[in-house]
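Notes follow the structure.
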Amino acid sequence: MRSKIPCSADKLSLLVPDMIQAVVGPPAFKMGTKYVTENRVRIVEADEVQISSSVIGNSGLHEQTIRLRDGNLMAKCSCPLEEQPLCRHCVAALLEYHRWVQPPPVRRTQEMPVSEPHPTEQKRTMSATDIKFNEIATFIEWLQPATRALERGQALPNAPKLGPGEVMGWIQAVQKLEERRRESEAAQAALGADVTA
């Protein structure tokens, strides 16, 4: 799907959800919003004039390129949908970008003395923020076939090549659980054989 829409905004961050909703059809906006709320949108690369993204749609993964150039918003998506002027996946990418560029909300707190966090708490917080989005996406891509393999009683797929870190720890935890499950099944089968013998 390709489209070109006249656009008065000179930065993508100025395209607020209400503006997007006013331009696209209700079904496309509703599905785009759903994809964002279900965390099915990944911004691969973005700045104020271009977005590269991917969206896990109902029929698989679709890639989008959205550009703002010469007073036009140009969108391209790998999906086969004919939604105009933007497909649901491009809508989702624009909505996610809008959310992505918003400053985090400032929380008002009462004047309280600030205590230094315990060293282990500080380390835990730092490692959680150091996780890269592409590592999480790689984990999710691995987890889907891994889940199917577990459901079918098959071996897990090869782990993706990731450096040491929390995401690799998640993969190793799943692998250890699967190994323990297989050992338990083998022990249960051996006990069953002993009982029948």
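Naming works like this for the structure tokens: A, B, ... for the chains as they're shown, residue 1 at the start of each chain, ligands 1 onward in shown order.
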Could you tell me, as a ChimeraX atom specification, which residues of range 8-152 of chain A DSSP assigns to strand (DSSP E) when given the backbone?
/A:41-46,50-57,60-69,72-77
Only N, CA and C atoms, please: the residues just picked out, written as an mmCIF file, in the first residue's frame.
```cif
data_model
loop_
_atom_site.group_PDB
_atom_site.id
_atom_site.type_symbol
_atom_site.label_atom_id
_atom_site.label_comp_id
_atom_site.auth_asym_id
_atom_site.auth_seq_id
_atom_site.Cartn_x
_atom_site.Cartn_y
_atom_site.Cartn_z
ATOM 1 N N VAL A 41 3.496 -2.514 17.788
ATOM 2 C CA VAL A 41 4.171 -1.565 16.897
ATOM 3 C C VAL A 41 5.604 -1.376 17.372
ATOM 4 N N ARG A 42 6.529 -1.413 16.428
ATOM 5 C CA ARG A 42 7.936 -1.187 16.767
ATOM 6 C C ARG A 42 8.481 -0.095 15.855
ATOM 7 N N ILE A 43 8.945 0.973 16.456
ATOM 8 C CA ILE A 43 9.615 2.039 15.704
ATOM 9 C C ILE A 43 11.061 1.591 15.537
ATOM 10 N N VAL A 44 11.465 1.333 14.309
ATOM 11 C CA VAL A 44 12.825 0.879 14.033
ATOM 12 C C VAL A 44 13.778 2.066 14.038
ATOM 13 N N GLU A 45 13.352 3.129 13.358
ATOM 14 C CA GLU A 45 14.163 4.340 13.264
ATOM 15 C C GLU A 45 13.209 5.489 12.979
ATOM 16 N N ALA A 46 13.461 6.624 13.582
ATOM 17 C CA ALA A 46 12.552 7.751 13.354
ATOM 18 C C ALA A 46 13.230 9.073 13.665
ATOM 19 N N GLN A 50 10.836 11.328 9.078
ATOM 20 C CA GLN A 50 10.750 9.966 8.554
ATOM 21 C C GLN A 50 10.593 8.956 9.680
ATOM 22 N N ILE A 51 9.772 7.932 9.424
ATOM 23 C CA ILE A 51 9.581 6.826 10.365
ATOM 24 C C ILE A 51 9.766 5.524 9.602
ATOM 25 N N SER A 52 10.564 4.633 10.156
ATOM 26 C CA SER A 52 10.638 3.248 9.687
ATOM 27 C C SER A 52 10.114 2.413 10.838
ATOM 28 N N SER A 53 9.129 1.578 10.553
ATOM 29 C CA SER A 53 8.501 0.825 11.635
ATOM 30 C C SER A 53 8.051 -0.538 11.146
ATOM 31 N N SER A 54 7.644 -1.358 12.096
ATOM 32 C CA SER A 54 7.019 -2.640 11.769
ATOM 33 C C SER A 54 5.861 -2.849 12.731
ATOM 34 N N VAL A 55 4.816 -3.465 12.207
ATOM 35 C CA VAL A 55 3.603 -3.715 12.976
ATOM 36 C C VAL A 55 3.229 -5.174 12.809
ATOM 37 N N ILE A 56 2.931 -5.822 13.924
ATOM 38 C CA ILE A 56 2.430 -7.189 13.857
ATOM 39 C C ILE A 56 0.926 -7.085 13.665
ATOM 40 N N GLY A 57 0.493 -7.270 12.432
ATOM 41 C CA GLY A 57 -0.925 -7.194 12.098
ATOM 42 C C GLY A 57 -1.598 -8.540 12.290
ATOM 43 N N GLY A 60 0.237 -11.105 10.028
ATOM 44 C CA GLY A 60 1.691 -11.196 10.087
ATOM 45 C C GLY A 60 2.358 -9.842 10.270
ATOM 46 N N LEU A 61 3.660 -9.841 10.069
ATOM 47 C CA LEU A 61 4.477 -8.643 10.270
ATOM 48 C C LEU A 61 4.487 -7.798 8.995
ATOM 49 N N HIS A 62 4.221 -6.507 9.135
ATOM 50 C CA HIS A 62 4.224 -5.574 8.006
ATOM 51 C C HIS A 62 5.176 -4.428 8.326
ATOM 52 N N GLU A 63 5.904 -3.971 7.306
ATOM 53 C CA GLU A 63 6.871 -2.894 7.489
ATOM 54 C C GLU A 63 6.361 -1.619 6.839
ATOM 55 N N GLN A 64 6.614 -0.493 7.510
ATOM 56 C CA GLN A 64 6.154 0.802 7.031
ATOM 57 C C GLN A 64 7.327 1.767 6.895
ATOM 58 N N THR A 65 7.211 2.644 5.905
ATOM 59 C CA THR A 65 8.098 3.790 5.760
ATOM 60 C C THR A 65 7.193 4.994 5.565
ATOM 61 N N ILE A 66 7.325 5.965 6.429
ATOM 62 C CA ILE A 66 6.492 7.167 6.371
ATOM 63 C C ILE A 66 7.428 8.367 6.298
ATOM 64 N N ARG A 67 7.175 9.248 5.317
ATOM 65 C CA ARG A 67 8.036 10.424 5.122
ATOM 66 C C ARG A 67 7.187 11.680 5.018
ATOM 67 N N LEU A 68 7.733 12.746 5.526
ATOM 68 C CA LEU A 68 7.121 14.065 5.403
ATOM 69 C C LEU A 68 8.057 14.881 4.517
ATOM 70 N N ARG A 69 7.582 15.220 3.299
ATOM 71 C CA ARG A 69 8.457 15.923 2.368
ATOM 72 C C ARG A 69 7.644 16.854 1.470
ATOM 73 N N ASN A 72 3.892 17.053 1.773
ATOM 74 C CA ASN A 72 3.145 15.808 1.588
ATOM 75 C C ASN A 72 3.585 14.768 2.602
ATOM 76 N N LEU A 73 2.630 13.975 3.044
ATOM 77 C CA LEU A 73 2.907 12.818 3.891
ATOM 78 C C LEU A 73 2.847 11.608 2.967
ATOM 79 N N MET A 74 3.981 10.936 2.813
ATOM 80 C CA MET A 74 4.050 9.759 1.950
ATOM 81 C C MET A 74 4.206 8.534 2.827
ATOM 82 N N ALA A 75 3.364 7.546 2.578
ATOM 83 C CA ALA A 75 3.383 6.335 3.398
ATOM 84 C C ALA A 75 3.439 5.110 2.504
ATOM 85 N N LYS A 76 4.245 4.153 2.936
ATOM 86 C CA LYS A 76 4.350 2.890 2.218
ATOM 87 C C LYS A 76 4.300 1.774 3.253
ATOM 88 N N CYS A 77 3.474 0.758 2.994
ATOM 89 C CA CYS A 77 3.359 -0.387 3.900
ATOM 90 C C CYS A 77 3.420 -1.664 3.075
#
```
Would you pick out the contacts of range 92-94 of chain A at 7 Å or less, using only C-alpha atoms, so that residues sharing its chain but fewer than 4 positions from it are not included, and give the list as a PyMOL selection string?
chain A and resi 32-33+35-36+41+53+88+98
Can you list, as a VMD selection string, every protein, DNA or RNA residue that comes within 10 Å of Glu178 in chain A when you count only C-alpha atoms, leaving out same-chain residues fewer than 6 positions away?
chain A and resid 150 153 155 to 156 172 184
re CA of Ala9 in chain A and CA of Gly71 in chain A: distance 7.4 Å
Name the residues in contact with range 131-146 of chain A at a cut-off of 10 Å, using only C-alpha atoms, excluding same-chain residues fewer than 3 positions from it; report them as number ranges by chain.
A: 42-44, 126-128, 149-152, 154-163, 165-168, 170-171, 174-175
For each of A:Leu95, A:Met1, A:Ala189, A:Val16, take the minimum atom-to-atom distance to Lys34 in chain A, counting only C-alpha atoms, then give the residue where this is smallest.
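The shortest atom-to-atom distance to Lys34 in chain A comes from A:Leu95.
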Taking only C-alpha atoms into account, which of A:Val195, A:Ala28, A:Leu12, A:Val101 comes nearest His89 in chain A?
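Residue with the minimum atom-to-atom distance to His89 in chain A: A:Ala28.
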